[in-house]
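Trainee: Below you'll find start_2.cif; it's mmCIF, C-alpha atoms.
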```
data_entry
#
loop_
_atom_site.label_atom_id
_atom_site.label_comp_id
_atom_site.auth_asym_id
_atom_site.auth_seq_id
_atom_site.Cartn_x
_atom_site.Cartn_y
_atom_site.Cartn_z
CA MET A 10 -3.92 -10.42 59.11
CA LYS A 11 -7.53 -10.76 57.91
CA LYS A 12 -7.36 -7.22 56.49
CA LEU A 13 -4.13 -8.02 54.66
CA SER A 14 -5.64 -11.22 53.19
CA ALA A 15 -8.79 -9.37 52.16
CA LEU A 16 -6.72 -6.59 50.58
CA PHE A 17 -4.61 -9.18 48.72
CA LEU A 18 -7.79 -10.90 47.48
CA VAL A 19 -9.29 -7.60 46.27
CA LEU A 20 -6.07 -6.53 44.50
CA THR A 21 -5.69 -9.95 42.86
CA SER A 22 -9.31 -9.82 41.65
CA LEU A 23 -8.80 -6.33 40.21
CA PHE A 24 -5.61 -7.39 38.47
CA ILE A 25 -7.22 -10.48 36.92
CA SER A 26 -10.31 -8.57 35.77
CA SER A 27 -8.18 -5.83 34.19
CA CYS A 28 -6.36 -8.28 31.93
CA GLY A 29 -9.22 -8.14 29.42
CA SER A 30 -10.75 -10.83 27.31
CA ASP A 31 -9.46 -12.90 24.44
CA ASP A 32 -11.22 -10.43 22.10
CA ASP A 33 -8.78 -7.63 22.95
CA VAL A 34 -6.46 -6.78 20.07
CA ASP A 35 -2.79 -6.02 20.70
CA CYS A 36 -2.39 -3.01 18.41
CA SER A 37 1.40 -3.08 18.81
CA THR A 38 1.42 -6.17 16.57
CA ILE A 39 -0.70 -4.59 13.82
CA SER A 40 0.81 -2.83 10.80
CA CYS A 41 -1.23 0.21 9.76
CA ILE A 42 0.55 0.73 6.45
CA SER A 43 -1.74 1.27 3.49
CA PRO A 44 -1.20 -1.07 0.56
CA GLY A 45 -0.03 0.28 -2.74
CA ILE A 46 0.52 -0.60 -6.37
CA MET A 47 3.59 -2.54 -7.49
CA LEU A 48 4.91 -2.04 -11.03
CA GLU A 49 7.62 -3.85 -12.96
CA PHE A 50 8.99 -2.56 -16.27
CA ILE A 51 9.64 -5.54 -18.55
CA ASP A 52 11.23 -5.62 -22.01
CA LYS A 53 8.47 -7.00 -24.22
CA ASP A 54 10.86 -9.02 -26.42
CA SER A 55 13.49 -10.34 -23.98
CA GLY A 56 11.38 -10.53 -20.80
CA GLU A 57 14.15 -8.76 -18.86
CA ASN A 58 13.32 -6.49 -15.96
CA LEU A 59 14.46 -3.03 -17.13
CA LEU A 60 14.92 -1.64 -13.60
CA GLU A 61 16.88 -4.65 -12.47
CA ASN A 62 19.26 -4.57 -15.45
CA GLU A 63 19.49 -0.76 -15.09
CA THR A 64 18.24 0.01 -18.60
CA ILE A 65 15.88 2.45 -16.89
CA ASN A 66 15.85 4.02 -13.43
CA ALA A 67 13.26 5.72 -11.25
CA GLU A 68 14.33 9.17 -12.46
CA ARG A 69 12.93 8.37 -15.91
CA ILE A 70 9.54 7.41 -14.44
CA GLN A 71 6.83 9.95 -13.68
CA ILE A 72 3.50 9.04 -12.10
CA GLU A 73 0.53 11.39 -12.28
CA VAL A 74 -2.50 10.94 -10.03
CA SER A 75 -5.64 13.01 -10.47
CA GLY A 76 -6.35 15.09 -7.39
CA LEU A 77 -2.71 15.13 -6.27
CA GLN A 78 0.12 17.51 -7.03
CA THR A 79 3.18 15.85 -8.57
CA SER A 80 5.10 16.44 -5.33
CA GLU A 81 2.41 14.51 -3.40
CA VAL A 82 2.74 11.34 -5.52
CA ASP A 83 4.95 9.05 -3.48
CA PHE A 84 6.72 6.08 -5.06
CA THR A 85 9.96 4.26 -4.47
CA GLU A 86 12.19 1.93 -6.47
CA THR A 87 12.87 -1.39 -4.77
CA GLY A 88 15.57 -2.47 -7.22
CA SER A 89 13.35 -4.39 -9.60
CA GLU A 90 9.95 -2.74 -9.03
CA ILE A 91 8.32 0.59 -8.38
CA PHE A 92 6.03 0.73 -5.36
CA LEU A 93 3.35 3.45 -5.55
CA PHE A 94 2.09 4.45 -2.09
CA ILE A 95 -1.62 5.33 -1.73
CA GLY A 96 -1.69 6.39 1.94
CA ASN A 97 -2.18 10.11 1.21
CA TRP A 98 -4.80 9.68 -1.52
CA THR A 99 -8.34 10.85 -0.82
CA ASN A 100 -11.32 8.54 -1.00
CA GLY A 101 -12.85 8.24 -4.46
CA ASP A 102 -11.76 7.67 -8.03
CA HIS A 103 -8.29 8.58 -9.29
CA MET A 104 -6.90 8.47 -12.81
CA VAL A 105 -3.29 7.28 -12.68
CA THR A 106 -0.86 7.71 -15.56
CA VAL A 107 2.55 6.04 -15.49
CA ASN A 108 5.02 7.76 -17.82
CA LEU A 109 8.44 6.65 -18.99
CA ASP A 110 10.45 9.58 -20.35
CA SER A 111 7.22 11.65 -20.40
CA SER A 112 5.37 9.11 -22.59
CA PRO A 113 2.43 7.22 -21.05
CA VAL A 114 3.02 3.48 -20.72
CA LEU A 115 0.09 2.60 -18.42
CA GLU A 116 -3.16 4.28 -17.41
CA MET A 117 -5.55 3.07 -14.75
CA ASN A 118 -8.58 4.10 -12.76
CA VAL A 119 -8.13 3.44 -9.06
CA GLU A 120 -10.90 3.72 -6.48
CA ILE A 121 -9.72 4.35 -2.92
CA GLU A 122 -11.65 3.98 0.32
CA THR A 123 -10.78 4.14 3.99
CA SER A 124 -10.68 0.93 5.98
CA ARG A 125 -11.05 1.16 9.75
CA SER A 126 -10.21 -1.44 12.37
CA ASP A 127 -9.73 -1.51 16.13
CA CYS A 128 -6.16 -0.30 15.78
CA CYS A 129 -5.88 1.88 12.70
CA SER A 130 -7.38 3.53 9.71
CA SER A 131 -5.79 3.09 6.30
CA ARG A 132 -6.50 3.59 2.62
CA ILE A 133 -7.30 0.53 0.51
CA ILE A 134 -7.85 -0.05 -3.18
CA SER A 135 -11.50 -1.00 -3.65
CA ASP A 136 -11.34 -1.14 -7.44
CA LEU A 137 -8.59 -0.92 -10.04
CA GLU A 138 -9.05 -1.00 -13.80
CA ILE A 139 -6.29 -0.67 -16.42
CA THR A 140 -7.57 1.57 -19.21
CA ALA A 141 -4.50 1.80 -21.48
CA GLY A 142 -1.11 0.17 -21.87
CA ASP A 143 0.47 -3.19 -22.56
CA TYR A 144 0.73 -5.15 -19.31
CA GLU A 145 0.51 -8.48 -17.48
CA GLU A 146 -1.39 -8.72 -14.20
CA VAL A 147 0.56 -10.53 -11.48
CA ASP A 148 -2.17 -9.97 -8.87
CA ASP A 149 -4.82 -7.37 -7.99
CA SER A 150 -2.30 -4.58 -7.41
CA PHE A 151 0.91 -5.86 -9.07
CA PHE A 152 1.47 -5.28 -12.79
CA ARG A 153 4.23 -5.89 -15.31
CA ILE A 154 4.34 -3.04 -17.81
CA LEU A 155 5.57 -4.35 -21.15
CA ILE A 156 7.94 -1.94 -22.90
CA ASP A 157 8.87 -2.10 -26.63
#
```
Reformat the file's structure so that it appears as structure tokens.
Mentor:
Amino acid sequence: MKKLSALFLVLTSLFISSCGSDDDVDCSTISCISPGIMLEFIDKDSGENLLENETINAERIQIEVSGLQTSEVDFTETGSEIFLFIGNWTNGDHMVTVNLDSSPVLEMNVEIETSRSDCCSSRIISDLEITAGDYEEVDDSFFRILID
């Protein structure tokens, strides 16, 4: 019986010590998705969202990113915005041109760097500067492109 009690005590101690500390991060609760750039296309006169009212659609939008082939530039239409993914971009500076029907409507310089944490590694925007185009800044990576 003493051996069984001692074994139980040892197993219980091992179990408790293996639970880790409060500093342990549960990586299953962490999203490792890289942020991106959100774009709205707004009629300059009426203020209407041109994607939402279906005046334009994603097929009329082309986005060019220096250092990437056109097929590597990943964006999606959410109904009222375009979300430009940056997860496959390399670290460094990128010139981004947003075209509507092959005409540039916004140009920006975007600096990308890798961010590492306990659970994942992702690309982040370390600097973003609009160099051409008529726009309103909603936040650091969300812009309303004003269309005539």
Trainee: What are the nearest atom pairs, with distances in Å to one decimal, for all residues of region 91-143 of chain A that come at most 12 Å from region 32-42 of chain A, using only C-alpha atoms, set out by chain and rising residue number as a Markdown table?
Mentor:
```
| residue | atom | partner | partner_atom | distance |
| --- | --- | --- | --- | --- |
| A:Phe94 | CA | A:Ile42 | CA | 9.4 |
| A:Ile95 | CA | A:Ile42 | CA | 9.6 |
| A:Gly96 | CA | A:Ile42 | CA | 7.6 |
| A:Asn97 | CA | A:Ile42 | CA | 11.1 |
| A:Thr123 | CA | A:Cys41 | CA | 11.8 |
| A:Ser124 | CA | A:Cys41 | CA | 10.2 |
| A:Arg125 | CA | A:Cys41 | CA | 9.9 |
| A:Ser126 | CA | A:Cys41 | CA | 9.5 |
| A:Asp127 | CA | A:Val34 | CA | 7.3 |
| A:Cys128 | CA | A:Cys36 | CA | 5.3 |
| A:Cys129 | CA | A:Cys41 | CA | 5.7 |
| A:Ser130 | CA | A:Cys41 | CA | 7.0 |
| A:Ser131 | CA | A:Cys41 | CA | 6.4 |
| A:Arg132 | CA | A:Ile42 | CA | 8.5 |
| A:Ile133 | CA | A:Ile42 | CA | 9.8 |
```
Trainee: Apply the PyMOL selection byres ((chain A and resi 105-116) around 12) to the displayed file and report the matching residues as a PyMOL selection string.
Mentor: chain A and resi 46-51+59-60+64-77+79+82+84+91-93+95+98+102-104+117-120+137-145+152-157
Trainee: Given the PyMOL selection byres ((chain A and resi 135) around 6) and the file above, list the residues it selects as a PyMOL selection string.
Mentor: chain A and resi 120-121+134+136
Trainee: Write to file, as a CSV table (one decimal), keeping the file's coordinate frame, the residues of the selection just made, with C-alpha atoms.
Mentor:
```
chain,number,residue,atom,x,y,z
A,120,GLU,CA,-10.9,3.7,-6.5
A,121,ILE,CA,-9.7,4.4,-2.9
A,134,ILE,CA,-7.8,0.0,-3.2
A,136,ASP,CA,-11.3,-1.1,-7.4
```
Trainee: Please indicate the distance in Å from CA of Gly45 (chain A) to CA of Gly88 (chain A), rounded to one decimal place.
Mentor: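 CA of Gly45 (chain A) sits 16.5 Å away from CA of Gly88 (chain A).
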Trainee: Quick one: pull the distance between CA of Gln78 (chain A) and CA of Asn58 (chain A), Å, one decimal.
Mentor: 28.8 Å
Trainee: Between CA of Ser89 (chain A) and CA of Asn62 (chain A), what is the distance, to one decimal in Å?
Mentor: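 If I compute the distance from CA of Ser89 (chain A) to CA of Asn62 (chain A), I get 8.3 Å.
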Trainee: Write out as AutoDock Vina command-line options an axis-aligned box for region 62-80 of chain A: all of its atoms listed in the file, 6 Å added on each side, centre and edge lengths in Å with one decimal.
Mentor:
```
--center_x 6.6 --center_y 6.5 --center_z -12.0 --size_x 37.8 --size_y 34.1 --size_z 25.3
```
